[in-house]
Amino acid sequence: MMDFLKTHEMIQACPEVLGGLPIPRSSVEIVDGKVMNTEGKNTTKNFILMVNSIRRGACPCASTSLAATPSPRATEKVRLP
């Protein structure tokens with residue numbers, strides 16, 4: 001890894017920040033198809049923005065990871081219900 005880093009630039013990125021969420025943020029879980037935080041706020045739009053930002057290349061390292069994900073569901077375009 002150290003040899004790789006000598007010839008490549010490392011970019012730190014927080015996917016949640018790409019989606020407009022604060023640091024720190026409340027925990028979230030999917031409830032009835034919506035991403036809800038522990039305070040009862042629906043953050044689905046933030047997570048969709050995050051995924052779509054990554055796929056557009058806002059975070060190249062993550063977009064490569066998503067592209068390599070074998071799950072067909074992981075490669076679907078994310079849209080609001």
# chains A, B, ... in the order shown; residues from 1 in each chain; ligands from 1
$ residues_around --residues "range 25-32 of chain A" --least-positions-apart "5" --cutoff "12 Å" --atoms "only C-alpha atoms" --output "number ranges by chain"
A: 14, 16-17, 19-20, 37-44, 46-47, 81
$ atom_distance --atom1 "CA of Arg55 in chain A" --atom2 "CA of Pro15 in chain A"
11.2 Å
$ closest_residue --among "A:Leu5, A:Leu18, A:Met36, A:Met10" --to "Arg56 in chain A" --atoms "only C-alpha atoms"
A:Leu18
$ atom_distance --atom1 "CA of Leu49 in chain A" --atom2 "CA of Leu21 in chain A"
10.2 Å
$ atom_distance --atom1 "CA of Ile48 in chain A" --atom2 "CA of Pro22 in chain A"
15.4 Å
